[in-house]
$ cat target-v2.tsv   # TSV, C-alpha atoms
chain	number	residue	atom	x	y	z
L	4	ARG	CA	-27.33	91.32	-102.65
L	5	GLY	CA	-28.91	88.00	-102.01
L	6	TRP	CA	-31.53	89.25	-99.52
L	7	TRP	CA	-35.32	88.98	-99.80
L	8	ARG	CA	-37.91	91.75	-100.04
L	9	GLY	CA	-41.65	91.25	-100.29
L	10	ARG	CA	-45.34	92.05	-100.79
L	11	SER	CA	-47.20	90.57	-97.79
L	12	VAL	CA	-44.75	90.46	-94.91
L	13	GLY	CA	-47.34	90.12	-92.17
L	14	ALA	CA	-48.52	86.76	-93.48
L	15	LEU	CA	-45.28	85.14	-92.34
L	16	ASN	CA	-46.08	85.94	-88.72
L	17	ARG	CA	-49.34	84.03	-88.49
L	18	ASN	CA	-50.81	80.65	-89.20
L	19	PRO	CA	-51.71	80.83	-92.91
L	20	SER	CA	-55.14	79.37	-92.14
L	21	GLY	CA	-55.85	82.21	-89.71
L	22	ARG	CA	-56.56	79.71	-86.92
L	23	ALA	CA	-54.55	78.52	-83.96
L	24	GLY	CA	-53.04	75.04	-83.86
L	25	SER	CA	-51.58	72.88	-86.60
L	26	THR	CA	-52.96	70.66	-89.29
L	27	ARG	CA	-51.02	67.88	-91.00
L	28	CYS	CA	-51.89	67.60	-94.66
L	29	ARG	CA	-50.94	65.23	-97.45
L	30	THR	CA	-50.07	66.16	-101.00
L	31	THR	CA	-49.01	64.20	-104.03
L	32	LEU	CA	-45.35	65.17	-103.73
L	33	LEU	CA	-44.32	67.38	-100.85
L	34	GLU	CA	-45.68	69.46	-98.03
L	35	VAL	CA	-44.44	72.82	-96.84
L	36	GLY	CA	-44.67	74.37	-93.41
L	37	ARG	CA	-43.43	77.21	-91.20
L	38	SER	CA	-41.99	77.43	-87.72
L	39	SER	CA	-40.07	79.90	-85.61
L	40	CYS	CA	-39.03	77.27	-83.05
L	41	GLY	CA	-35.41	76.63	-82.15
L	42	ARG	CA	-33.30	73.63	-83.17
L	43	LYS	CA	-33.62	71.92	-79.79
L	44	SER	CA	-37.32	71.25	-80.31
L	45	ALA	CA	-37.14	69.76	-83.79
L	46	ARG	CA	-40.38	67.79	-83.60
L	47	SER	CA	-42.37	70.84	-82.46
L	48	MET	CA	-41.17	72.74	-85.52
L	49	LEU	CA	-43.78	71.00	-87.70
L	50	VAL	CA	-46.33	73.74	-87.15
L	51	GLN	CA	-48.15	74.18	-90.44
L	52	CYS	CA	-48.34	72.11	-93.62
L	53	ARG	CA	-49.09	73.49	-97.05
L	54	SER	CA	-48.45	71.94	-100.46
L	55	TYR	CA	-45.57	72.59	-102.83
L	56	ARG	CA	-46.69	73.22	-106.41
L	57	LEU	CA	-45.07	74.12	-109.67
L	58	LEU	CA	-47.29	76.83	-111.10
L	59	ASP	CA	-45.60	77.49	-114.43
L	60	SER	CA	-42.28	77.49	-116.27
L	61	GLY	CA	-40.83	79.23	-119.31
L	62	GLY	CA	-38.84	82.26	-120.31
L	63	ALA	CA	-35.83	80.74	-118.53
L	64	SER	CA	-37.71	80.94	-115.20
L	65	ARG	CA	-39.92	78.86	-112.91
L	66	LEU	CA	-42.92	79.95	-110.86
L	67	GLU	CA	-43.66	77.89	-107.72
L	68	SER	CA	-45.64	78.03	-104.53
L	69	PHE	CA	-44.16	76.91	-101.23
L	70	GLY	CA	-47.31	76.93	-99.17
L	71	ASP	CA	-48.74	80.40	-99.62
L	72	LEU	CA	-45.36	81.81	-100.66
L	73	VAL	CA	-45.12	82.26	-104.45
L	74	VAL	CA	-41.55	82.27	-105.73
L	75	ARG	CA	-40.15	83.18	-109.14
L	76	ARG	CA	-36.57	82.11	-109.80
L	77	PRO	CA	-34.32	81.44	-112.82
L	78	CYS	CA	-34.39	78.13	-114.67
L	79	PRO	CA	-32.09	78.31	-117.71
L	80	SER	CA	-33.44	75.08	-119.22
L	81	ALA	CA	-37.02	76.42	-119.44
L	82	LEU	CA	-36.62	77.96	-122.89
L	83	TRP	CA	-40.29	77.79	-123.96
L	84	GLN	CA	-43.00	80.39	-123.51
L	85	PRO	CA	-44.81	80.40	-120.14
L	86	GLY	CA	-48.32	79.05	-119.99
L	87	LEU	CA	-49.72	81.60	-117.52
L	88	PRO	CA	-50.19	85.32	-118.22
L	89	ALA	CA	-47.54	87.84	-117.21
L	90	SER	CA	-49.84	89.20	-114.49
L	91	ARG	CA	-49.62	85.89	-112.65
L	92	TRP	CA	-45.83	85.93	-112.79
L	93	ASP	CA	-45.73	89.57	-111.69
L	94	SER	CA	-47.72	88.71	-108.57
L	95	ALA	CA	-44.92	86.54	-107.12
L	96	ASP	CA	-44.05	87.26	-103.49
L	97	LEU	CA	-40.32	86.69	-104.08
L	98	VAL	CA	-38.31	87.14	-107.27
L	99	LEU	CA	-34.63	86.44	-107.87
L	100	ALA	CA	-33.13	88.93	-110.33
L	101	ASP	CA	-29.44	89.71	-110.90
L	102	GLY	CA	-28.40	87.76	-107.81
L	103	ALA	CA	-30.77	89.58	-105.44
L	104	TRP	CA	-34.14	88.45	-104.11
L	105	GLU	CA	-36.88	91.03	-104.42
L	106	GLY	CA	-40.52	90.89	-103.43
L	107	ALA	CA	-42.76	91.73	-100.54
L	108	ARG	CA	-41.93	89.00	-98.04
L	109	ALA	CA	-38.21	89.19	-97.48
L	110	ASN	CA	-38.15	90.77	-94.05
L	111	GLN	CA	-39.55	87.71	-92.30
L	112	LEU	CA	-37.49	85.02	-94.00
L	113	GLY	CA	-35.35	84.54	-90.92
L	114	GLU	CA	-38.13	82.23	-89.75
L	115	GLN	CA	-37.74	78.52	-90.37
L	116	TRP	CA	-39.62	77.34	-93.43
L	117	TYR	CA	-39.58	73.66	-94.34
L	118	MET	CA	-40.84	71.12	-96.83
L	119	ALA	CA	-42.08	67.83	-95.40
L	120	SER	CA	-41.76	64.83	-97.71
L	121	GLU	CA	-44.11	61.87	-97.80
L	122	ALA	CA	-40.94	59.79	-97.36
L	123	GLY	CA	-40.95	60.80	-93.68
L	124	PHE	CA	-38.59	63.75	-93.26
L	125	SER	CA	-38.44	67.54	-93.57
L	126	LEU	CA	-36.07	69.96	-95.29
L	127	GLY	CA	-35.54	73.52	-94.12
L	128	LEU	CA	-35.67	76.16	-96.86
L	129	TRP	CA	-32.86	78.70	-97.23
L	130	PRO	CA	-33.18	80.88	-100.37
L	131	GLY	CA	-29.72	81.60	-101.78
L	132	GLN	CA	-28.16	83.95	-104.28
L	133	ASN	CA	-27.79	81.12	-106.81
L	134	GLY	CA	-31.54	80.50	-106.87
L	135	GLN	CA	-31.46	77.32	-104.79
L	136	VAL	CA	-33.78	77.01	-101.81
L	137	GLY	CA	-32.31	73.97	-100.07
L	138	ALA	CA	-34.42	71.24	-101.69
L	139	PHE	CA	-35.01	69.58	-105.04
L	140	PRO	CA	-38.76	68.80	-105.24
L	141	GLU	CA	-38.28	66.78	-108.43
L	142	GLN	CA	-36.57	64.08	-106.34
L	143	GLY	CA	-39.81	63.36	-104.45
L	144	THR	CA	-40.55	60.02	-106.14
L	145	ASN	CA	-36.93	58.92	-105.74
L	146	TRP	CA	-37.09	59.71	-102.02
L	147	ARG	CA	-40.12	57.49	-101.58
L	148	TRP	CA	-38.46	54.77	-103.63
L	149	LEU	CA	-35.32	54.92	-101.45
L	150	ARG	CA	-37.28	54.53	-98.25
L	151	SER	CA	-39.16	51.56	-99.71
L	152	ALA	CA	-35.91	49.96	-100.89
L	153	CYS	CA	-34.42	50.27	-97.39
L	154	GLU	CA	-37.55	48.92	-95.73
L	155	ALA	CA	-37.64	45.97	-98.14
L	156	SER	CA	-34.23	44.70	-97.02
L	157	PRO	CA	-34.41	41.75	-94.60
L	158	ARG	CA	-31.32	43.09	-92.83
L	159	ARG	CA	-30.02	46.51	-91.80
L	160	ILE	CA	-28.07	47.99	-94.70
L	161	ARG	CA	-25.20	50.43	-95.19
L	162	VAL	CA	-25.91	53.31	-97.58
L	163	LEU	CA	-23.48	55.76	-99.22
L	164	ASN	CA	-24.98	59.04	-100.46
L	165	LEU	CA	-22.58	61.09	-102.57
L	166	PHE	CA	-23.23	64.73	-103.49
L	167	GLY	CA	-25.78	64.58	-100.68
L	168	TYR	CA	-26.55	68.33	-100.59
L	169	THR	CA	-29.00	69.12	-97.77
L	170	GLY	CA	-29.84	65.49	-97.11
L	171	GLY	CA	-33.07	64.50	-98.84
L	172	SER	CA	-31.90	61.06	-99.97
L	173	SER	CA	-30.00	60.40	-96.75
L	174	LEU	CA	-33.03	61.25	-94.65
L	175	ALA	CA	-35.31	59.09	-96.78
L	176	CYS	CA	-33.04	56.13	-95.99
L	177	LEU	CA	-32.81	57.02	-92.30
L	178	ALA	CA	-36.59	57.31	-92.10
L	179	SER	CA	-36.81	53.60	-92.89
L	180	ARG	CA	-35.14	52.87	-89.52
L	181	ASN	CA	-33.26	50.12	-91.40
L	182	ALA	CA	-30.17	51.91	-92.73
L	183	ASP	CA	-26.78	53.20	-91.55
L	184	VAL	CA	-25.98	56.15	-93.80
L	185	THR	CA	-22.76	57.85	-94.87
L	186	HIS	CA	-23.71	61.30	-96.17
L	187	LEU	CA	-21.00	63.11	-98.17
L	188	ASP	CA	-20.84	66.48	-99.84
L	189	GLY	CA	-17.94	68.73	-100.76
L	190	ALA	CA	-19.59	71.83	-99.28
L	191	ARG	CA	-19.42	72.20	-95.51
L	192	ALA	CA	-22.51	74.42	-95.47
L	193	ALA	CA	-24.58	71.77	-97.26
L	194	VAL	CA	-23.53	69.07	-94.78
L	195	SER	CA	-24.33	71.38	-91.87
L	196	ARG	CA	-27.81	71.95	-93.26
L	197	ALA	CA	-28.28	68.22	-93.78
L	198	ARG	CA	-27.52	67.67	-90.09
L	199	SER	CA	-30.01	70.39	-89.18
L	200	ASN	CA	-32.60	68.71	-91.39
L	201	ALA	CA	-32.04	65.43	-89.55
L	202	GLU	CA	-32.82	67.24	-86.29
L	203	LEU	CA	-35.85	68.93	-87.86
L	204	SER	CA	-37.08	65.50	-88.97
L	205	GLY	CA	-36.55	63.78	-85.63
L	206	LEU	CA	-33.89	61.54	-87.20
L	207	SER	CA	-30.73	62.83	-85.51
L	208	GLY	CA	-30.60	59.68	-83.38
L	209	GLU	CA	-30.32	57.39	-86.40
L	210	PRO	CA	-26.83	56.09	-87.35
L	211	VAL	CA	-25.30	58.51	-89.86
L	212	ARG	CA	-21.83	59.84	-90.65
L	213	TRP	CA	-21.68	63.42	-91.94
L	214	ILE	CA	-18.60	63.87	-94.13
L	215	VAL	CA	-17.19	66.89	-95.97
L	216	ASP	CA	-14.93	65.54	-98.71
L	217	ASP	CA	-14.39	65.11	-102.41
L	218	ALA	CA	-16.43	62.17	-103.72
L	219	LEU	CA	-13.64	60.61	-105.80
L	220	THR	CA	-11.10	60.96	-103.00
L	221	TYR	CA	-13.42	59.42	-100.43
L	222	VAL	CA	-14.52	56.46	-102.57
L	223	ARG	CA	-10.93	55.74	-103.60
L	224	ARG	CA	-9.94	55.54	-99.91
L	225	ALA	CA	-13.01	53.44	-99.09
L	226	ALA	CA	-12.07	50.94	-101.81
L	227	ARG	CA	-8.53	50.66	-100.45
L	228	ARG	CA	-9.90	50.05	-96.95
L	229	GLY	CA	-12.23	47.35	-98.22
L	230	GLU	CA	-15.41	49.18	-97.21
L	231	ARG	CA	-18.66	47.88	-98.68
L	232	TYR	CA	-22.08	49.50	-99.05
L	233	ASP	CA	-25.41	47.83	-99.76
L	234	GLY	CA	-26.98	50.98	-101.21
L	235	ILE	CA	-25.44	53.79	-103.25
L	236	VAL	CA	-27.04	57.13	-104.15
L	237	LEU	CA	-25.44	59.79	-106.31
L	238	ASP	CA	-26.79	62.93	-107.94
L	239	PRO	CA	-23.65	64.53	-109.39
L	240	PRO	CA	-23.57	68.13	-110.59
L	241	ALA	CA	-22.26	69.01	-114.03
L	242	PHE	CA	-19.46	71.02	-112.41
L	243	GLY	CA	-18.23	71.66	-108.90
L	244	ARG	CA	-15.18	73.14	-107.23
L	245	GLY	CA	-13.93	71.73	-103.94
L	246	ALA	CA	-11.01	72.66	-101.70
L	247	LYS	CA	-8.56	70.44	-103.58
L	248	ARG	CA	-9.97	69.71	-107.03
L	249	GLU	CA	-12.69	70.40	-109.56
L	250	TRP	CA	-15.48	68.01	-110.45
L	251	ARG	CA	-16.47	67.67	-114.10
L	252	ILE	CA	-19.18	65.12	-114.77
L	253	ASP	CA	-18.00	64.13	-118.27
L	254	ARG	CA	-14.48	63.46	-117.03
L	255	ASP	CA	-15.10	62.19	-113.51
L	256	LEU	CA	-18.38	60.24	-113.43
L	257	PRO	CA	-17.05	57.24	-115.43
L	258	LEU	CA	-14.06	57.04	-113.07
L	259	LEU	CA	-16.29	57.32	-110.01
L	260	SER	CA	-18.63	54.62	-111.34
L	261	GLY	CA	-15.71	52.22	-111.65
L	262	LEU	CA	-14.66	52.90	-108.05
L	263	LEU	CA	-18.23	52.51	-106.78
L	264	ALA	CA	-18.35	49.04	-108.33
L	265	GLU	CA	-15.52	48.13	-105.95
L	266	VAL	CA	-17.36	49.32	-102.82
L	267	LEU	CA	-20.80	47.92	-103.71
L	268	SER	CA	-21.42	44.84	-101.56
L	269	ASP	CA	-21.82	41.33	-102.98
L	270	ASP	CA	-25.48	41.33	-101.92
L	271	PRO	CA	-26.60	44.89	-102.66
L	272	SER	CA	-30.03	46.40	-102.10
L	273	PHE	CA	-30.12	49.33	-104.54
L	274	VAL	CA	-28.29	51.92	-106.62
L	275	LEU	CA	-29.83	55.26	-107.60
L	276	LEU	CA	-28.15	57.56	-110.11
L	277	SER	CA	-29.67	60.87	-111.24
L	278	ALA	CA	-28.48	63.89	-113.18
L	279	HIS	CA	-29.77	67.35	-114.00
L	280	ASP	CA	-27.36	68.00	-116.88
L	281	PRO	CA	-29.19	67.80	-120.27
L	282	ARG	CA	-25.96	66.52	-121.82
L	283	TRP	CA	-26.46	63.33	-119.79
L	284	PRO	CA	-29.58	61.59	-121.14
L	285	VAL	CA	-31.02	58.56	-119.42
L	286	ALA	CA	-29.23	56.16	-121.81
L	287	ALA	CA	-25.89	57.56	-120.62
L	288	LEU	CA	-26.91	57.08	-116.99
L	289	ASP	CA	-27.94	53.51	-117.79
L	290	GLY	CA	-24.37	52.82	-118.86
L	291	GLN	CA	-22.97	54.16	-115.60
L	292	LEU	CA	-25.51	52.15	-113.62
L	293	ARG	CA	-24.42	48.96	-115.38
L	294	GLU	CA	-20.82	49.75	-114.52
L	295	ILE	CA	-21.58	50.28	-110.83
L	296	THR	CA	-23.65	47.10	-110.58
L	297	ARG	CA	-21.43	44.88	-112.73
L	298	GLY	CA	-20.53	42.75	-109.72
L	299	ALA	CA	-24.16	42.22	-108.74
L	300	SER	CA	-25.13	40.11	-111.76
L	301	ALA	CA	-25.92	37.15	-109.50
L	302	VAL	CA	-28.46	39.20	-107.52
L	303	ARG	CA	-31.98	39.28	-108.91
L	304	GLY	CA	-33.24	42.81	-109.30
L	305	ARG	CA	-35.05	45.31	-111.46
L	306	CYS	CA	-33.83	48.38	-113.37
L	307	GLU	CA	-35.98	51.47	-113.84
L	308	ARG	CA	-35.36	54.73	-115.66
L	309	GLY	CA	-37.29	57.90	-116.15
L	310	GLU	CA	-37.54	61.65	-116.20
L	311	MET	CA	-37.69	63.83	-113.10
L	312	LEU	CA	-40.65	65.97	-114.06
L	313	LEU	CA	-42.44	68.67	-112.09
L	314	ARG	CA	-46.03	68.90	-113.28
L	315	ALA	CA	-47.80	72.25	-113.35
L	316	ARG	CA	-51.49	72.75	-112.77
L	317	GLY	CA	-54.04	75.29	-113.94
L	318	GLY	CA	-52.61	76.03	-117.37
L	319	GLY	CA	-48.93	76.20	-116.44
L	320	ARG	CA	-46.20	74.33	-118.30
L	321	ASP	CA	-44.50	71.23	-116.88
L	322	LEU	CA	-40.81	71.41	-116.06
L	323	PRO	CA	-38.41	68.52	-116.82
L	324	MET	CA	-35.56	68.63	-114.29
L	325	GLY	CA	-33.33	65.72	-115.26
L	326	VAL	CA	-33.34	61.95	-115.48
L	327	TYR	CA	-32.70	58.97	-113.24
L	328	SER	CA	-31.62	55.36	-113.61
L	329	ARG	CA	-31.98	53.00	-110.66
L	330	TRP	CA	-31.65	49.33	-109.72
L	331	ALA	CA	-33.09	47.49	-106.73
L	332	ALA	CA	-32.86	43.91	-105.56
L	333	GLY	CA	-36.15	42.07	-105.65
L	334	THR	CA	-39.18	44.03	-106.87
L	335	VAL	CA	-39.18	47.37	-105.03
$ encode --input "target-v2.tsv" --output "structure tokens"
Amino acid sequence: RGWWRGRSVGALNRNPSGRAGSTRCRTTLLEVGRSSCGRKSARSMLVQCRSYRLLDSGGASRLESFGDLVVRRPCPSALWQPGLPASRWDSADLVLADGAWEGARANQLGEQWYMASEAGFSLGLWPGQNGQVGAFPEQGTNWRWLRSACEASPRRIRVLNLFGYTGGSSLACLASRNADVTHLDGARAAVSRARSNAELSGLSGEPVRWIVDDALTYVRRAARRGERYDGIVLDPPAFGRGAKREWRIDRDLPLLSGLLAEVLSDDPSFVLLSAHDPRWPVAALDGQLREITRGASAVRGRCERGEMLLRARGGGRDLPMGVYSRWAAGTV
């Protein structure tokens, strides 16, 4: 269970264009590529770029293309009818059903596939039994915003990224070359993949601390030690289970927000809060953002809020994936 099978295995062994060499391409949100290179040659791993696209959503599923790889996976929030015909969904190369990936391209998925963000970093893709692939494409605009916020600071800043997963937000900050990042996640495997993504992106030499810990426990200790951060990023899950305690967003996020207010510096650069839980609308996130930034009232800045939306093309249905609320000093 949890392996991949597929329809056009041979395609994973060649340049999708059919030609030798590599071509860098730009897309609106993300780019996707393939490499079979080892970790020691991270920069040479950027072999082929192709675009990420949401093709359709509905029927509690999502249909996406990662380059020329079409993936169908569960999405419980997509309760509407799909926009594309069933034949298009049935043509997916990889399908997750009952905890197992099926399709025609599983045998070659040991190769390194990646998504390259316009924010200046890459994320390796690892399809898992839970339907995750190692990246959240809906965070693309937030990643670009984070890099811009770091670059806009007149001084080098300290950034804390909680629930950092495989590192997208951390790497966006590191790509600015103007941030020292503390990346924290409760899952050791996620932190390990974030470190690998830093190598893949050519950012392993930037100042970053990789920490496996419970978010509340870490921030509580940081507050006692008098640590201060100029930027804070958090994308909390609705529920999580760590080695020592459970995380429940309704119970724990208000407490965490109060602690983060204590570690936010007196001259902060930004705070970004996002959530994928439909029980947490943007107005609720706004309240948590105000709590975190309550000590920054003397700093001129701008608040923004919005929906993290993946837009489909060619008749497919768009997919809302959560909301965000963010504040930045100045006019980022």
$ closest_residue --input "target-v2.tsv" --among "L:Ala193, L:Pro257, L:Val98, L:Ser272" --to "Asn181 (chain L)" --atoms "all atoms listed in the file"
L:Ser272
$ atom_distance --input "target-v2.tsv" --atom1 "CA of Met311 (chain L)" --atom2 "CA of Leu288 (chain L)"
13.3 Å
$ closest_residue --input "target-v2.tsv" --among "L:Glu265, L:Arg75, L:Tyr168, L:Arg196" --to "Arg228 (chain L)" --atoms "only C-alpha atoms"
L:Glu265
$ closest_residue --input "target-v2.tsv" --among "L:Leu267, L:Ala218, L:Ala315, L:Ala175" --to "Gly86 (chain L)" --atoms "only C-alpha atoms"
L:Ala315
$ residues_around --input "target-v2.tsv" --residues "region 126-139 of chain L" --least-positions-apart "6" --cutoff "7 Å" --atoms "all atoms listed in the file" --output "PDB file with C-alpha atoms, keeping the file's coordinate frame"
ATOM      1  CA  GLY L   5     -28.910  88.000-102.010  1.00  0.00           C
ATOM      2  CA  ARG L  76     -36.570  82.110-109.800  1.00  0.00           C
ATOM      3  CA  PRO L  77     -34.320  81.440-112.820  1.00  0.00           C
ATOM      4  CA  LEU L  99     -34.630  86.440-107.870  1.00  0.00           C
ATOM      5  CA  GLY L 102     -28.400  87.760-107.810  1.00  0.00           C
ATOM      6  CA  ALA L 103     -30.770  89.580-105.440  1.00  0.00           C
ATOM      7  CA  GLN L 115     -37.740  78.520 -90.370  1.00  0.00           C
ATOM      8  CA  TRP L 116     -39.620  77.340 -93.430  1.00  0.00           C
ATOM      9  CA  TYR L 117     -39.580  73.660 -94.340  1.00  0.00           C
ATOM     10  CA  MET L 118     -40.840  71.120 -96.830  1.00  0.00           C
ATOM     11  CA  ALA L 119     -42.080  67.830 -95.400  1.00  0.00           C
ATOM     12  CA  THR L 169     -29.000  69.120 -97.770  1.00  0.00           C
ATOM     13  CA  ASN L 200     -32.600  68.710 -91.390  1.00  0.00           C
TER      14      ASN L 200
END
$ closest_residue --input "target-v2.tsv" --among "L:Gly309, L:Pro88, L:Pro157, L:Gly189" --to "Asp59 (chain L)" --atoms "only C-alpha atoms"
L:Pro88
$ residues_around --input "target-v2.tsv" --residues "Gly171 (chain L)" --least-positions-apart "3" --cutoff "12 Å" --atoms "all atoms listed in the file" --output "number ranges by chain"
L: 33, 118-127, 137-147, 149-150, 164-168, 174-178, 186, 193-194, 196-201, 204, 236-238
$ closest_residue --input "target-v2.tsv" --among "L:Ser195, L:Gly319, L:Leu313, L:Arg244" --to "Tyr55 (chain L)" --atoms "only C-alpha atoms"
L:Leu313
$ atom_distance --input "target-v2.tsv" --atom1 "CA of Ser179 (chain L)" --atom2 "CA of Pro271 (chain L)"
16.6 Å
$ axis_aligned_box --input "target-v2.tsv" --around "region 154-157 of chain L" --padding-each-side "6 Å" --output "AutoDock Vina command-line options"
--center_x -35.9 --center_y 45.3 --center_z -96.4 --size_x 15.4 --size_y 19.2 --size_z 15.5
$ residues_around --input "target-v2.tsv" --residues "region 322-332 of chain L" --least-positions-apart "2" --cutoff "8 Å" --atoms "all atoms listed in the file" --output "compact mmCIF listing (two decimals) with C-alpha atoms, in the coordinates of the input"
# COMPACT_ATOMS: atom_id res chain seq x y z
CA ASP L 59 -45.60 77.49 -114.43
CA SER L 60 -42.28 77.49 -116.27
CA ALA L 81 -37.02 76.42 -119.44
CA GLU L 141 -38.28 66.78 -108.43
CA ALA L 152 -35.91 49.96 -100.89
CA PRO L 271 -26.60 44.89 -102.66
CA SER L 272 -30.03 46.40 -102.10
CA PHE L 273 -30.12 49.33 -104.54
CA VAL L 274 -28.29 51.92 -106.62
CA LEU L 275 -29.83 55.26 -107.60
CA LEU L 276 -28.15 57.56 -110.11
CA SER L 277 -29.67 60.87 -111.24
CA ALA L 278 -28.48 63.89 -113.18
CA HIS L 279 -29.77 67.35 -114.00
CA ASP L 280 -27.36 68.00 -116.88
CA PRO L 281 -29.19 67.80 -120.27
CA PRO L 284 -29.58 61.59 -121.14
CA VAL L 285 -31.02 58.56 -119.42
CA LEU L 288 -26.91 57.08 -116.99
CA ASP L 289 -27.94 53.51 -117.79
CA LEU L 292 -25.51 52.15 -113.62
CA VAL L 302 -28.46 39.20 -107.52
CA ARG L 303 -31.98 39.28 -108.91
CA GLY L 304 -33.24 42.81 -109.30
CA ARG L 305 -35.05 45.31 -111.46
CA CYS L 306 -33.83 48.38 -113.37
CA GLU L 307 -35.98 51.47 -113.84
CA ARG L 308 -35.36 54.73 -115.66
CA GLY L 309 -37.29 57.90 -116.15
CA GLU L 310 -37.54 61.65 -116.20
CA MET L 311 -37.69 63.83 -113.10
CA LEU L 312 -40.65 65.97 -114.06
CA LEU L 313 -42.44 68.67 -112.09
CA ARG L 314 -46.03 68.90 -113.28
CA ALA L 315 -47.80 72.25 -113.35
CA ARG L 320 -46.20 74.33 -118.30
CA THR L 334 -39.18 44.03 -106.87
CA VAL L 335 -39.18 47.37 -105.03
$ closest_residue --input "target-v2.tsv" --among "L:Ala63, L:Cys153, L:Leu87, L:Leu256" --to "Ala241 (chain L)" --atoms "all atoms listed in the file"
L:Leu256
$ build_atoms --input "target-v2.tsv" --residues "region 226-240 of chain L" --atoms "N, CA, C and O atoms" --output "PDB file, in the frame of the given file"
ATOM      1  N   ALA L 226     -12.410  52.164-101.079  1.00  0.00           N
ATOM      2  CA  ALA L 226     -12.070  50.940-101.810  1.00  0.00           C
ATOM      3  C   ALA L 226     -10.782  50.334-101.282  1.00  0.00           C
ATOM      4  O   ALA L 226     -10.679  49.104-101.126  1.00  0.00           O
ATOM      5  N   ARG L 227      -9.796  51.179-100.997  1.00  0.00           N
ATOM      6  CA  ARG L 227      -8.530  50.660-100.450  1.00  0.00           C
ATOM      7  C   ARG L 227      -8.733  50.029 -99.085  1.00  0.00           C
ATOM      8  O   ARG L 227      -8.067  49.039 -98.748  1.00  0.00           O
ATOM      9  N   ARG L 228      -9.652  50.592 -98.290  1.00  0.00           N
ATOM     10  CA  ARG L 228      -9.900  50.050 -96.950  1.00  0.00           C
ATOM     11  C   ARG L 228     -10.799  48.818 -96.971  1.00  0.00           C
ATOM     12  O   ARG L 228     -11.012  48.200 -95.930  1.00  0.00           O
ATOM     13  N   GLY L 229     -11.355  48.505 -98.117  1.00  0.00           N
ATOM     14  CA  GLY L 229     -12.230  47.350 -98.220  1.00  0.00           C
ATOM     15  C   GLY L 229     -13.633  47.605 -97.702  1.00  0.00           C
ATOM     16  O   GLY L 229     -14.354  46.655 -97.372  1.00  0.00           O
ATOM     17  N   GLU L 230     -14.059  48.870 -97.659  1.00  0.00           N
ATOM     18  CA  GLU L 230     -15.410  49.180 -97.210  1.00  0.00           C
ATOM     19  C   GLU L 230     -16.431  48.724 -98.253  1.00  0.00           C
ATOM     20  O   GLU L 230     -16.168  48.748 -99.460  1.00  0.00           O
ATOM     21  N   ARG L 231     -17.595  48.321 -97.782  1.00  0.00           N
ATOM     22  CA  ARG L 231     -18.660  47.880 -98.680  1.00  0.00           C
ATOM     23  C   ARG L 231     -19.980  48.531 -98.271  1.00  0.00           C
ATOM     24  O   ARG L 231     -20.272  48.679 -97.079  1.00  0.00           O
ATOM     25  N   TYR L 232     -20.775  48.880 -99.277  1.00  0.00           N
ATOM     26  CA  TYR L 232     -22.080  49.500 -99.050  1.00  0.00           C
ATOM     27  C   TYR L 232     -23.149  48.705 -99.797  1.00  0.00           C
ATOM     28  O   TYR L 232     -22.935  48.266-100.934  1.00  0.00           O
ATOM     29  N   ASP L 233     -24.293  48.561 -99.156  1.00  0.00           N
ATOM     30  CA  ASP L 233     -25.410  47.830 -99.760  1.00  0.00           C
ATOM     31  C   ASP L 233     -26.278  48.723-100.628  1.00  0.00           C
ATOM     32  O   ASP L 233     -27.019  48.224-101.482  1.00  0.00           O
ATOM     33  N   GLY L 234     -26.223  50.027-100.407  1.00  0.00           N
ATOM     34  CA  GLY L 234     -26.980  50.980-101.210  1.00  0.00           C
ATOM     35  C   GLY L 234     -26.118  52.163-101.565  1.00  0.00           C
ATOM     36  O   GLY L 234     -25.328  52.639-100.732  1.00  0.00           O
ATOM     37  N   ILE L 235     -26.225  52.641-102.788  1.00  0.00           N
ATOM     38  CA  ILE L 235     -25.440  53.790-103.250  1.00  0.00           C
ATOM     39  C   ILE L 235     -26.389  54.780-103.926  1.00  0.00           C
ATOM     40  O   ILE L 235     -27.231  54.392-104.747  1.00  0.00           O
ATOM     41  N   VAL L 236     -26.248  56.045-103.575  1.00  0.00           N
ATOM     42  CA  VAL L 236     -27.040  57.130-104.150  1.00  0.00           C
ATOM     43  C   VAL L 236     -26.081  58.198-104.637  1.00  0.00           C
ATOM     44  O   VAL L 236     -25.176  58.607-103.894  1.00  0.00           O
ATOM     45  N   LEU L 237     -26.242  58.656-105.854  1.00  0.00           N
ATOM     46  CA  LEU L 237     -25.440  59.790-106.310  1.00  0.00           C
ATOM     47  C   LEU L 237     -26.223  60.631-107.307  1.00  0.00           C
ATOM     48  O   LEU L 237     -26.898  60.104-108.183  1.00  0.00           O
ATOM     49  N   ASP L 238     -26.125  61.931-107.103  1.00  0.00           N
ATOM     50  CA  ASP L 238     -26.790  62.930-107.940  1.00  0.00           C
ATOM     51  C   ASP L 238     -25.746  63.988-108.285  1.00  0.00           C
ATOM     52  O   ASP L 238     -25.773  65.097-107.755  1.00  0.00           O
ATOM     53  N   PRO L 239     -24.796  63.651-109.163  1.00  0.00           N
ATOM     54  CA  PRO L 239     -23.650  64.530-109.390  1.00  0.00           C
ATOM     55  C   PRO L 239     -24.006  65.796-110.160  1.00  0.00           C
ATOM     56  O   PRO L 239     -24.838  65.762-111.073  1.00  0.00           O
ATOM     57  N   PRO L 240     -23.378  66.905-109.821  1.00  0.00           N
ATOM     58  CA  PRO L 240     -23.570  68.130-110.590  1.00  0.00           C
ATOM     59  C   PRO L 240     -22.755  68.059-111.885  1.00  0.00           C
ATOM     60  O   PRO L 240     -21.867  67.210-112.037  1.00  0.00           O
TER      61      PRO L 240
END
